[in-house]
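One structure is given below, encoded as structure tokens.
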Amino acid sequence: MRVVQVSAHFPPNFVSGGTLVPHRVARAVADAGHESLVYAGHLDESREPLSTWTDEDDGVTVRWVTTTPWTGWSDPRNSDNPEVDADFRGWLAEVRPDVVHVHSVQTLGGSLVRAAKDAGAAVVVTMHDFWWFCARQFLVTRDMRPCSLVVGCGTCPCEVDHEWLEQRNAGLAEQLAAADVVLAPSASAARVLVANGVDPERVRVDENGLPAIPAPAEGRRRADHVRFLFAGGKDPMKGADVLREALAPLAQLPGWTIDLYGVTDTTGLPAAATARPGFQPAELGTILAEHDVLVLPSVMRESHSILTREALSAGLAVICTDTLGPEEAVSDGVNGLVVPAADAAALTDAMRRIVTDTALADRLIGAGPVTPPRDFADQAAGLLDLYAELDAAAPPPPAAADRTIDRVLFVVGIQGAPLRYRVHLAAEGLRLLGVTTEIRHYRDPGLETALAGADAVVLYRVPATWQLLALLDQLRTDRPAVPVVFDIDDLIFDPRLRGQVDGLESLPPEEEELWWRGVARYRTTMERADLYIGSTRMLCEQATEVVGLPARRFANGVGALLAQASDEALQRPRTDGPPRIGYFSGTTTHDADWALVEPAVLDVMRARPDVELWLGGPLEPTPALAAVGDRVRRLPFVPWHELPGLLRDVDVCLAPLTDSRFNEAKSAIKWLEAAVVETPVVASPTEPFREAVRDGRTGYLAVSREEWVGALTALLDDAVLRRRVGTQARREALLRWSPHLQGRAYLAALEAAAEEVAAHGHRPPSGWEPVADDEPLSAADAYVEPYARPTRRRHPALRRLARTAPARRAQAVLRVLRAGGVRAVASRVASRLGKGQR
């Protein structure tokens with residue numbers, strides 16, 4: 001085989017962990033008897049940009065191209081460099097490789113992936129960092145805060161602004177689509193790639209191997225003090241500034257020292273801290289043998305971290321941040337401690353624990369890696385096997401060749417949060433895959449035309465009308481291959497549940513009867529569907545049992561707009577004040593759920609006179625809460641885009657549910673919404689919450705009064721615990737339910753419905769007697785709430801107020817409020833019209 005390695009930088013011109021991997025791989029290819037070539041960027045101010053030359057290095061041919069001017073992350077030619085692309089294409093035409101392995105292409109441009117595919121080569125891309133969707137490479141902001149793991153769910157301006165970043169990333173995604181395989185250095189990094197839209201079918205994990213695995217040092221200490229080691233130099237991304245802040249509170253604590261390699265300035269540091277010059281790789285074994293604990297306070301997201309694995313193999317314990325790669329080698333409390341990134345207080349606490357708790361230190365130091373580190377020889381052999389596999393394989397078909405669904409019509413019967421979670425978020429995910437989506441109200445006069453152009457139809461929470469049923473019958477006649485899917489995210493299609501739904505007993509008899517007629521109408525619409533899509537396993541099973549529909553699960557996930565609002569809320573500290581417990585209700589049906597947890601909350605508030613309780617939305621607590629009424633804050637129901645700010649300001653959020661089939665079918669939205677602002681949740685252990693929450697790590701589950709009290713007390717008493725649980729919850733929410741992942745899940749369900757219809761035709765009618773109302777199509781009633789966050793631009797009249805004389809200002813304010821108030825009232829009325837069951 002003829003194999004090319006592509007790297008933006010390469011030894012000996014530039015030596016780093018990221019450049020040593022392609023260097024070692026190129027050497028391994030040559031040693032295995034294959035023709036090994038390299039195309040590499042070269043940094044040298046004295047050379048003319050784009051100048052090229054070729055070197056031979058012991059059987060490896062290196063083609064250099066000078067890219068010095070374009071190292072800036074915001075430089076357009078950092079990600080798209082047409083001149084380099086032209087040179088690379090010409091060179092490929094000469095060498096005609098079988099496989100091209102792209103390691104990094106900043107300054108070279110993402111188009112080199114497409115160029116390699118156009119040259120007829122199999123293409124492998126290893127993402128040693130996150131440059132393909134983070135221009136700064138490491139998912140860290142300019143002010144040294146970790147940014148959103150899913151870039152589209154964040155607001156980070158990166159090097160220019162967020163709009164610039166989205167445009168950059170869209171162009172790079174088109175180039176990356178040409179890769180046959182995308183490799184990630186760790187499983188956690190692979191999750192991040194997929195959550196950001198990299199095709200999961202192409203992603204494989206290829207852990208970096210160690211060229212030499214250190215042997216554990218003999219007689220490792222633990223007598224009078226702990227010897228800490230930091231090797232990150234002055235780089236703030238490596239956490240140098242966070243470590244400096246964390247060390248200050250330890251100044252008077254005896255029994256420890258720390259060597260700071262690559263740090264020159266020790267001003268303000270404790271006497272136990274010693275600056276050391278940077279060391280060469282050959283010195284690492286000796287340095288590791290002289291220390292007990294490696295401190296890795298990175299703010300940047302680490303895709304792997306070889307040093308972590310080398311330190312653990314040598315017998316050191318490791319204190320690392322929750323920055324992905326290191327966590328795969330460090331198990332908290334087993335061979336080290338894991339703390340939230342950019343959290344100096346948490347790092348101080350971890351170092352103090354190891355110094356003061358002899359038993360803990362004895363357990364962690366010398367424990368070794370959780371799993372044996374990989375040897376580089378194994379990695380090299382695996383890559384050679386991959387190259388051979390790809391070289392022998394036939395070219396894959398285009399990614400979208402088998403897709404049968406390109407246009408999806410959502411027909412909706414409700415507004416508010418249900419519409420957002422079950423329709424707007426699904427449509428958002430589908431659009432990321434290039435699927436065209438349209439959302440119409442079930443009384444929209446344009447429904448017939450929209451149905452005629454759809455490849456799949458989704459009926460979300462649509463009550464049956466005779467007009468809609470006629471349109472669906474006509475669709476089956478005119479376009480028999482189009483699947484019809486029904487989605488509803490509450491157990492409100494089973495008339496057998498009378499007497500088991502909390503909250504209905506407070507309704508007047510005629511309204512309760514109307515509610516149950518709505519249930520029958522939903523059931524009627526379901527009867528016209530070919531597949532049911534539900535948010536929980538219980539809903540899917542009930543749909544199959546009650547209606548006989550095949551079912552696919554589509555869990556509620558993270559929408560980009562709510563995630564962005566949450567990201568903005570995270571950029572400020574929690575509002576000053578006492579510890580706060582929060583419970584936020586979206587409807588009037590949660591009084592029984594609150595009554596379940598109220599006694600435990602009262603116990604905590606009696607034991608902790610400093611704790612406040614924030615109750616949001618429609619809720620009627622029991623009279624017992626009056627005993628702490630002066631510490632209860634009632635909050636009105638707020639628009640969804642304001643909720644993250646409230647959730648951010650409470651320390652613990654509650655998600656109680658009474659034990660019923662109806663509640664067992666509810667999704668874990670309360671955990672999801674709190675998780676994206678890093679607020680820990682204590683929840684009832686219904687199945688959706690058990691799936692979402694890893695008890696004690698991403699939240700807490702509680703059944704008994706004692707369990708609720710215990711979980712609340714633990715979180716309120718320990719700020720570091722709250723921070724750790726909150727950051728882990730946010731990560732899990734983003735990486736399990738990102739818009740890209742949700743889009744793929746929804747498209748898979750629609751494709752399954754299309755396959756079912758193609759194989760067996762539409763589902764035949766059952767014995768259910770239709771229940772429908774006469775609701776003519778009407779433009780006046782065809783309102784669908786938009787999916788958008790309000791802009792922050794001020795009303796033009798408000799901008800004029802700054803220049804208005806004070807005497808006239810009051811009248812101007814009234815005019816503006818009236819203008820805005822009419823629109824607000826109109827929107828609110830339209831929303832309410834769509835929320836009721838007809």
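Residue numbering restarts at 1 in every chain; chains get A, B, ... in the order shown in the structure tokens, and ligands count up from 1 in that same order.
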Check segment 556-660 of chain A with DSSP on the backbone and list each residue it calls helix (DSSP H, G or I), as a VMD selection string.
chain A and resid 560 to 570 591 to 607 623 to 631 643 to 649
Counting only C-alpha atoms, what is within 6 Å of segment 66-81 of chain A, bar same-chain residues fewer than 6 positions away, as a list in words?
Gly41, His42, Leu43, Pro49, Leu50, Ser51, Gln106, Thr107, Leu108, Gly109, Gly110, Ala135 and Glu159 of chain A
Save out the residues we just selected, all heavy atoms, as a PDB file, in the first residue's frame.
```
ATOM      1  N   GLY A  41       2.301  20.787   7.060  1.00  0.00           N
ATOM      2  CA  GLY A  41       2.537  22.215   7.129  1.00  0.00           C
ATOM      3  C   GLY A  41       3.851  22.499   7.835  1.00  0.00           C
ATOM      4  O   GLY A  41       4.298  21.738   8.697  1.00  0.00           O
ATOM      5  N   HIS A  42       4.457  23.622   7.475  1.00  0.00           N
ATOM      6  CA  HIS A  42       5.763  24.006   8.037  1.00  0.00           C
ATOM      7  C   HIS A  42       5.678  25.448   8.515  1.00  0.00           C
ATOM      8  O   HIS A  42       5.178  26.320   7.805  1.00  0.00           O
ATOM      9  CB  HIS A  42       6.851  23.851   6.983  1.00  0.00           C
ATOM     10  CG  HIS A  42       8.244  23.918   7.522  1.00  0.00           C
ATOM     11  ND1 HIS A  42       8.881  25.103   7.815  1.00  0.00           N
ATOM     12  CD2 HIS A  42       9.118  22.928   7.832  1.00  0.00           C
ATOM     13  CE1 HIS A  42      10.094  24.851   8.273  1.00  0.00           C
ATOM     14  NE2 HIS A  42      10.266  23.535   8.297  1.00  0.00           N
ATOM     15  N   LEU A  43       6.163  25.697   9.732  1.00  0.00           N
ATOM     16  CA  LEU A  43       6.139  27.035  10.320  1.00  0.00           C
ATOM     17  C   LEU A  43       7.554  27.597  10.329  1.00  0.00           C
ATOM     18  O   LEU A  43       8.447  27.056  10.988  1.00  0.00           O
ATOM     19  CB  LEU A  43       5.576  26.992  11.740  1.00  0.00           C
ATOM     20  CG  LEU A  43       4.169  26.404  11.890  1.00  0.00           C
ATOM     21  CD1 LEU A  43       3.739  26.418  13.354  1.00  0.00           C
ATOM     22  CD2 LEU A  43       3.153  27.155  11.042  1.00  0.00           C
ATOM     23  N   PRO A  49       5.633  31.997   2.178  1.00  0.00           N
ATOM     24  CA  PRO A  49       4.394  31.216   2.325  1.00  0.00           C
ATOM     25  C   PRO A  49       4.084  30.419   1.060  1.00  0.00           C
ATOM     26  O   PRO A  49       4.300  30.904  -0.057  1.00  0.00           O
ATOM     27  CB  PRO A  49       3.330  32.288   2.585  1.00  0.00           C
ATOM     28  CG  PRO A  49       4.089  33.425   3.192  1.00  0.00           C
ATOM     29  CD  PRO A  49       5.433  33.419   2.529  1.00  0.00           C
ATOM     30  N   LEU A  50       3.625  29.186   1.262  1.00  0.00           N
ATOM     31  CA  LEU A  50       3.266  28.242   0.206  1.00  0.00           C
ATOM     32  C   LEU A  50       4.479  27.649  -0.509  1.00  0.00           C
ATOM     33  O   LEU A  50       4.304  26.882  -1.457  1.00  0.00           O
ATOM     34  CB  LEU A  50       2.319  28.873  -0.818  1.00  0.00           C
ATOM     35  CG  LEU A  50       0.956  29.339  -0.269  1.00  0.00           C
ATOM     36  CD1 LEU A  50       0.181  30.079  -1.339  1.00  0.00           C
ATOM     37  CD2 LEU A  50       0.152  28.139   0.230  1.00  0.00           C
ATOM     38  N   SER A  51       5.687  27.981  -0.082  1.00  0.00           N
ATOM     39  CA  SER A  51       6.856  27.312  -0.670  1.00  0.00           C
ATOM     40  C   SER A  51       6.825  25.844  -0.269  1.00  0.00           C
ATOM     41  O   SER A  51       6.394  25.479   0.823  1.00  0.00           O
ATOM     42  CB  SER A  51       8.148  27.972  -0.192  1.00  0.00           C
ATOM     43  OG  SER A  51       8.242  27.951   1.222  1.00  0.00           O
ATOM     44  N   GLN A 106      -5.658  22.329  10.350  1.00  0.00           N
ATOM     45  CA  GLN A 106      -5.672  23.774  10.534  1.00  0.00           C
ATOM     46  C   GLN A 106      -4.453  24.371   9.821  1.00  0.00           C
ATOM     47  O   GLN A 106      -3.360  23.826   9.887  1.00  0.00           O
ATOM     48  CB  GLN A 106      -5.687  24.166  12.011  1.00  0.00           C
ATOM     49  CG  GLN A 106      -4.539  23.663  12.856  1.00  0.00           C
ATOM     50  CD  GLN A 106      -4.840  22.329  13.518  1.00  0.00           C
ATOM     51  OE1 GLN A 106      -5.654  21.557  13.028  1.00  0.00           O
ATOM     52  NE2 GLN A 106      -4.173  22.069  14.630  1.00  0.00           N
ATOM     53  N   THR A 107      -4.680  25.451   9.105  1.00  0.00           N
ATOM     54  CA  THR A 107      -3.760  26.142   8.174  1.00  0.00           C
ATOM     55  C   THR A 107      -3.725  25.465   6.803  1.00  0.00           C
ATOM     56  O   THR A 107      -3.445  26.123   5.812  1.00  0.00           O
ATOM     57  CB  THR A 107      -2.309  26.283   8.685  1.00  0.00           C
ATOM     58  OG1 THR A 107      -1.645  25.014   8.655  1.00  0.00           O
ATOM     59  CG2 THR A 107      -2.256  26.879  10.084  1.00  0.00           C
ATOM     60  N   LEU A 108      -4.007  24.171   6.745  1.00  0.00           N
ATOM     61  CA  LEU A 108      -4.052  23.478   5.455  1.00  0.00           C
ATOM     62  C   LEU A 108      -5.448  23.552   4.829  1.00  0.00           C
ATOM     63  O   LEU A 108      -5.585  23.640   3.604  1.00  0.00           O
ATOM     64  CB  LEU A 108      -3.652  22.010   5.613  1.00  0.00           C
ATOM     65  CG  LEU A 108      -2.273  21.724   6.211  1.00  0.00           C
ATOM     66  CD1 LEU A 108      -2.077  20.221   6.376  1.00  0.00           C
ATOM     67  CD2 LEU A 108      -1.174  22.312   5.344  1.00  0.00           C
ATOM     68  N   GLY A 109      -6.478  23.494   5.667  1.00  0.00           N
ATOM     69  CA  GLY A 109      -7.848  23.584   5.184  1.00  0.00           C
ATOM     70  C   GLY A 109      -8.565  22.249   5.156  1.00  0.00           C
ATOM     71  O   GLY A 109      -7.983  21.211   4.827  1.00  0.00           O
ATOM     72  N   GLY A 110      -9.852  22.284   5.508  1.00  0.00           N
ATOM     73  CA  GLY A 110     -10.649  21.058   5.542  1.00  0.00           C
ATOM     74  C   GLY A 110     -10.885  20.438   4.184  1.00  0.00           C
ATOM     75  O   GLY A 110     -11.223  19.252   4.083  1.00  0.00           O
ATOM     76  N   ALA A 135     -13.331  26.403  16.454  1.00  0.00           N
ATOM     77  CA  ALA A 135     -12.170  27.021  15.813  1.00  0.00           C
ATOM     78  C   ALA A 135     -10.993  27.130  16.767  1.00  0.00           C
ATOM     79  O   ALA A 135      -9.835  27.140  16.338  1.00  0.00           O
ATOM     80  CB  ALA A 135     -12.538  28.407  15.280  1.00  0.00           C
ATOM     81  N   GLU A 159     -13.776  32.662  17.969  1.00  0.00           N
ATOM     82  CA  GLU A 159     -12.771  33.668  17.636  1.00  0.00           C
ATOM     83  C   GLU A 159     -13.353  34.918  16.986  1.00  0.00           C
ATOM     84  O   GLU A 159     -12.678  35.929  16.887  1.00  0.00           O
ATOM     85  CB  GLU A 159     -11.721  33.060  16.704  1.00  0.00           C
ATOM     86  CG  GLU A 159     -10.706  32.202  17.415  1.00  0.00           C
ATOM     87  CD  GLU A 159      -9.929  32.979  18.459  1.00  0.00           C
ATOM     88  OE1 GLU A 159      -9.067  33.797  18.079  1.00  0.00           O
ATOM     89  OE2 GLU A 159     -10.176  32.775  19.661  1.00  0.00           O
TER      90      GLU A 159
END
```
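Using only C-alpha atoms for every distance, the candidate list A:Pro11, A:Gly557, A:Pro373, A:Pro483 yields A:Gly557 as the residue closest to Ala692 of chain A.
Separating atom CA of Ala417 of chain A from atom CA of Glu545 of chain A is a distance of 27.0 Å.
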List the spatial neighbours of Leu347 of chain A as a compact mmCIF listing (two decimals) with N, CA, C and O atoms, in the first residue's frame - criterion: any atom at most 9 Å away, only C-alpha atoms, same-chain residues fewer than 3 positions off excluded.
```txt
# COMPACT_ATOMS: atom_id res chain seq x y z
N VAL A 242 -6.00 28.47 37.06
CA VAL A 242 -6.91 27.83 38.03
C VAL A 242 -6.11 27.20 39.16
O VAL A 242 -6.47 27.32 40.33
N LEU A 243 -5.00 26.54 38.82
CA LEU A 243 -4.17 25.91 39.85
C LEU A 243 -3.58 26.96 40.78
O LEU A 243 -3.54 26.77 42.01
N ALA A 246 -6.17 27.86 43.14
CA ALA A 246 -6.50 26.75 44.05
C ALA A 246 -5.44 26.57 45.12
O ALA A 246 -5.76 26.09 46.23
N LEU A 247 -4.20 26.89 44.83
CA LEU A 247 -3.12 26.67 45.79
C LEU A 247 -3.15 27.68 46.94
O LEU A 247 -2.70 27.37 48.05
N PRO A 297 -5.22 20.16 35.86
CA PRO A 297 -6.37 21.06 36.01
C PRO A 297 -6.85 21.68 34.70
O PRO A 297 -7.31 22.82 34.67
N ILE A 319 -5.29 13.83 40.06
CA ILE A 319 -6.43 14.73 40.20
C ILE A 319 -6.62 15.40 38.85
O ILE A 319 -5.74 16.12 38.38
N CYS A 320 -7.73 15.13 38.21
CA CYS A 320 -7.98 15.70 36.88
C CYS A 320 -9.33 16.40 36.86
O CYS A 320 -10.17 16.19 37.73
N THR A 321 -9.51 17.23 35.84
CA THR A 321 -10.80 17.87 35.65
C THR A 321 -11.69 17.00 34.76
O THR A 321 -11.21 16.09 34.08
N VAL A 338 -11.79 13.38 40.42
CA VAL A 338 -12.22 14.15 39.26
C VAL A 338 -13.00 15.36 39.76
O VAL A 338 -13.93 15.22 40.56
N VAL A 339 -12.61 16.55 39.28
CA VAL A 339 -13.26 17.79 39.71
C VAL A 339 -13.76 18.55 38.48
O VAL A 339 -13.25 18.36 37.38
N PRO A 340 -14.75 19.43 38.65
CA PRO A 340 -15.22 20.23 37.51
C PRO A 340 -14.12 21.15 37.00
O PRO A 340 -13.32 21.69 37.78
N ALA A 341 -14.09 21.35 35.69
CA ALA A 341 -13.09 22.23 35.09
C ALA A 341 -13.34 23.68 35.48
O ALA A 341 -14.48 24.09 35.71
N ALA A 342 -12.24 24.44 35.55
CA ALA A 342 -12.28 25.88 35.84
C ALA A 342 -12.92 26.17 37.19
O ALA A 342 -13.48 27.24 37.40
N ASP A 343 -12.83 25.24 38.13
CA ASP A 343 -13.41 25.39 39.46
C ASP A 343 -12.29 25.29 40.48
O ASP A 343 -11.92 24.20 40.93
N ALA A 344 -11.71 26.43 40.84
CA ALA A 344 -10.57 26.44 41.75
C ALA A 344 -10.94 25.89 43.13
O ALA A 344 -10.14 25.20 43.76
N ALA A 350 -10.08 18.95 46.56
CA ALA A 350 -9.51 17.65 46.22
C ALA A 350 -8.08 17.51 46.73
O ALA A 350 -7.71 16.46 47.28
N MET A 351 -7.27 18.53 46.55
CA MET A 351 -5.89 18.46 47.03
C MET A 351 -5.85 18.38 48.55
O MET A 351 -5.07 17.61 49.14
N ARG A 352 -6.71 19.14 49.22
CA ARG A 352 -6.74 19.09 50.68
C ARG A 352 -7.14 17.70 51.17
O ARG A 352 -6.57 17.19 52.15
```
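Summary of the local environment: counting only C-alpha atoms, residues at most 10 Å from Ile354 of chain A, other than itself and those fewer than 5 positions away along its chain, are His225, Val226, Trp256, Val293, Ala317, Ile319, Gly336, Leu337, Asp349, Ala359, Leu360, Ala361, Asp362, Arg363, Leu364 and Ile365 of chain A.
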Can you tell me which residues surround Ala788 of chain A at a distance of at most 10 Å, considering only C-alpha atoms, apart from same-chain residues fewer than 4 positions away, and format the answer as a ChimeraX atom specification?
/A:424,561-562,641
Residues just named, written with N, CA, C and O atoms as a tab-separated table (two decimals), in the first residue's frame:
```tsv
chain	number	residue	atom	x	y	z
A	424	HIS	N	-41.22	20.90	17.18
A	424	HIS	CA	-40.16	21.83	16.77
A	424	HIS	C	-38.77	21.21	16.94
A	424	HIS	O	-37.90	21.39	16.08
A	561	LEU	N	-32.37	26.00	20.91
A	561	LEU	CA	-32.71	27.32	21.42
A	561	LEU	C	-32.77	27.34	22.95
A	561	LEU	O	-32.27	28.28	23.58
A	562	LEU	N	-33.38	26.32	23.55
A	562	LEU	CA	-33.39	26.26	25.02
A	562	LEU	C	-31.97	26.07	25.54
A	562	LEU	O	-31.58	26.66	26.56
A	641	HIS	N	-38.17	30.51	27.41
A	641	HIS	CA	-36.83	31.04	27.26
A	641	HIS	C	-36.35	31.78	28.51
A	641	HIS	O	-35.17	32.14	28.61
```
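Residues surrounding Leu475 of chain A within 12 Å are Leu447, Glu448, Thr449, Ala450, Leu451, Ala452, Gly453, Ala454, Asp455, Ala456, Val457, Leu468, Leu469, Ala470, Leu471, Leu472, Asp478, Arg479, Pro480, Ala481, Val482, Pro483, Val484, Arg528, Ala529 and His762 of chain A [only C-alpha atoms; sequence separation below 3 positions excluded].
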Any chance you can output those residues with N, CA, C and O atoms as an mmCIF file, in the first residue's frame?
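The result, stored in result.cif:
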```
data_model
loop_
_atom_site.group_PDB
_atom_site.id
_atom_site.type_symbol
_atom_site.label_atom_id
_atom_site.label_comp_id
_atom_site.auth_asym_id
_atom_site.auth_seq_id
_atom_site.Cartn_x
_atom_site.Cartn_y
_atom_site.Cartn_z
ATOM 1 N N LEU A 447 -53.757 22.546 4.402
ATOM 2 C CA LEU A 447 -53.341 21.200 4.798
ATOM 3 C C LEU A 447 -53.374 20.225 3.621
ATOM 4 O O LEU A 447 -52.481 19.392 3.465
ATOM 5 N N GLU A 448 -54.380 20.323 2.769
ATOM 6 C CA GLU A 448 -54.493 19.378 1.656
ATOM 7 C C GLU A 448 -53.291 19.499 0.723
ATOM 8 O O GLU A 448 -52.708 18.491 0.302
ATOM 9 N N THR A 449 -52.877 20.724 0.413
ATOM 10 C CA THR A 449 -51.719 20.939 -0.449
ATOM 11 C C THR A 449 -50.445 20.440 0.215
ATOM 12 O O THR A 449 -49.597 19.806 -0.424
ATOM 13 N N ALA A 450 -50.320 20.705 1.514
ATOM 14 C CA ALA A 450 -49.128 20.262 2.234
ATOM 15 C C ALA A 450 -49.034 18.744 2.278
ATOM 16 O O ALA A 450 -47.944 18.174 2.127
ATOM 17 N N LEU A 451 -50.152 18.074 2.442
ATOM 18 C CA LEU A 451 -50.161 16.611 2.463
ATOM 19 C C LEU A 451 -49.698 16.037 1.123
ATOM 20 O O LEU A 451 -48.991 15.029 1.067
ATOM 21 N N ALA A 452 -50.034 16.719 0.061
ATOM 22 C CA ALA A 452 -49.703 16.214 -1.274
ATOM 23 C C ALA A 452 -48.205 16.244 -1.544
ATOM 24 O O ALA A 452 -47.716 15.496 -2.396
ATOM 25 N N GLY A 453 -47.449 17.067 -0.810
ATOM 26 C CA GLY A 453 -46.019 17.165 -1.075
ATOM 27 C C GLY A 453 -45.145 16.457 -0.075
ATOM 28 O O GLY A 453 -43.914 16.541 -0.162
ATOM 29 N N ALA A 454 -45.722 15.745 0.890
ATOM 30 C CA ALA A 454 -44.938 15.145 1.973
ATOM 31 C C ALA A 454 -44.562 13.705 1.672
ATOM 32 O O ALA A 454 -45.313 12.963 1.052
ATOM 33 N N ASP A 455 -43.366 13.307 2.140
ATOM 34 C CA ASP A 455 -42.946 11.902 2.078
ATOM 35 C C ASP A 455 -43.348 11.144 3.340
ATOM 36 O O ASP A 455 -43.357 9.911 3.351
ATOM 37 N N ALA A 456 -43.640 11.878 4.411
ATOM 38 C CA ALA A 456 -44.114 11.282 5.662
ATOM 39 C C ALA A 456 -44.943 12.328 6.377
ATOM 40 O O ALA A 456 -44.653 13.536 6.300
ATOM 41 N N VAL A 457 -45.992 11.880 7.080
ATOM 42 C CA VAL A 457 -46.887 12.774 7.800
ATOM 43 C C VAL A 457 -46.894 12.372 9.266
ATOM 44 O O VAL A 457 -47.087 11.197 9.597
ATOM 45 N N LEU A 468 -60.389 16.275 8.968
ATOM 46 C CA LEU A 468 -59.044 15.684 8.945
ATOM 47 C C LEU A 468 -59.101 14.213 8.533
ATOM 48 O O LEU A 468 -58.269 13.743 7.738
ATOM 49 N N LEU A 469 -60.081 13.475 9.059
ATOM 50 C CA LEU A 469 -60.189 12.059 8.710
ATOM 51 C C LEU A 469 -60.405 11.882 7.210
ATOM 52 O O LEU A 469 -59.846 10.959 6.596
ATOM 53 N N ALA A 470 -61.164 12.791 6.615
ATOM 54 C CA ALA A 470 -61.391 12.703 5.168
ATOM 55 C C ALA A 470 -60.096 12.965 4.403
ATOM 56 O O ALA A 470 -59.806 12.280 3.409
ATOM 57 N N LEU A 471 -59.315 13.923 4.862
ATOM 58 C CA LEU A 471 -58.044 14.211 4.200
ATOM 59 C C LEU A 471 -57.086 13.027 4.302
ATOM 60 O O LEU A 471 -56.366 12.702 3.348
ATOM 61 N N LEU A 472 -57.072 12.366 5.453
ATOM 62 C CA LEU A 472 -56.179 11.211 5.626
ATOM 63 C C LEU A 472 -56.627 10.043 4.742
ATOM 64 O O LEU A 472 -55.787 9.332 4.166
ATOM 65 N N ASP A 478 -54.566 8.523 -2.748
ATOM 66 C CA ASP A 478 -53.747 9.207 -3.754
ATOM 67 C C ASP A 478 -52.265 8.846 -3.646
ATOM 68 O O ASP A 478 -51.585 8.736 -4.670
ATOM 69 N N ARG A 479 -51.778 8.655 -2.426
ATOM 70 C CA ARG A 479 -50.339 8.415 -2.232
ATOM 71 C C ARG A 479 -50.167 7.284 -1.214
ATOM 72 O O ARG A 479 -49.790 7.508 -0.059
ATOM 73 N N PRO A 480 -50.429 6.071 -1.617
ATOM 74 C CA PRO A 480 -50.454 4.946 -0.678
ATOM 75 C C PRO A 480 -49.107 4.626 -0.038
ATOM 76 O O PRO A 480 -49.074 3.912 0.964
ATOM 77 N N ALA A 481 -47.996 5.132 -0.571
ATOM 78 C CA ALA A 481 -46.677 4.816 0.001
ATOM 79 C C ALA A 481 -46.295 5.748 1.137
ATOM 80 O O ALA A 481 -45.282 5.507 1.822
ATOM 81 N N VAL A 482 -47.057 6.809 1.379
ATOM 82 C CA VAL A 482 -46.690 7.796 2.402
ATOM 83 C C VAL A 482 -47.116 7.294 3.780
ATOM 84 O O VAL A 482 -48.305 7.061 4.024
ATOM 85 N N PRO A 483 -46.159 7.117 4.709
ATOM 86 C CA PRO A 483 -46.524 6.658 6.055
ATOM 87 C C PRO A 483 -47.132 7.789 6.881
ATOM 88 O O PRO A 483 -46.757 8.957 6.738
ATOM 89 N N VAL A 484 -48.075 7.428 7.735
ATOM 90 C CA VAL A 484 -48.693 8.366 8.664
ATOM 91 C C VAL A 484 -48.331 7.928 10.080
ATOM 92 O O VAL A 484 -48.531 6.764 10.453
ATOM 93 N N ARG A 528 -55.855 5.950 12.465
ATOM 94 C CA ARG A 528 -55.529 6.195 11.060
ATOM 95 C C ARG A 528 -54.017 6.138 10.805
ATOM 96 O O ARG A 528 -53.577 6.365 9.687
ATOM 97 N N ALA A 529 -53.219 5.868 11.830
ATOM 98 C CA ALA A 529 -51.762 5.919 11.696
ATOM 99 C C ALA A 529 -51.189 4.540 11.403
ATOM 100 O O ALA A 529 -51.814 3.496 11.649
ATOM 101 N N HIS A 762 -50.967 -0.029 4.399
ATOM 102 C CA HIS A 762 -51.451 0.711 5.556
ATOM 103 C C HIS A 762 -52.183 -0.213 6.518
ATOM 104 O O HIS A 762 -52.750 -1.240 6.126
#
```
Would you pick out the contacts of Val652 of chain A at 6 Å or less, using only C-alpha atoms, so that residues sharing its chain but fewer than 2 positions from it are not included, and give the list as a PyMOL selection string?
chain A and resi 581+650+680-681
For the residues selected in the previous step, produce a file with N, CA, C and O atoms as a tab-separated table (two decimals), in the first residue's frame.
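Heads up, here's the output in out_13.tsv:
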```
chain	number	residue	atom	x	y	z
A	581	ILE	N	-34.17	25.66	47.23
A	581	ILE	CA	-34.79	24.50	46.63
A	581	ILE	C	-35.85	25.01	45.66
A	581	ILE	O	-36.61	25.93	45.99
A	650	VAL	N	-31.58	28.42	41.43
A	650	VAL	CA	-31.84	27.51	42.56
A	650	VAL	C	-30.67	26.53	42.67
A	650	VAL	O	-29.97	26.25	41.70
A	680	PRO	N	-28.47	20.47	39.97
A	680	PRO	CA	-28.78	19.07	40.28
A	680	PRO	C	-30.25	18.87	40.62
A	680	PRO	O	-30.91	19.77	41.16
A	681	VAL	N	-30.75	17.68	40.30
A	681	VAL	CA	-32.17	17.34	40.46
A	681	VAL	C	-32.30	16.14	41.38
A	681	VAL	O	-31.52	15.19	41.28
```
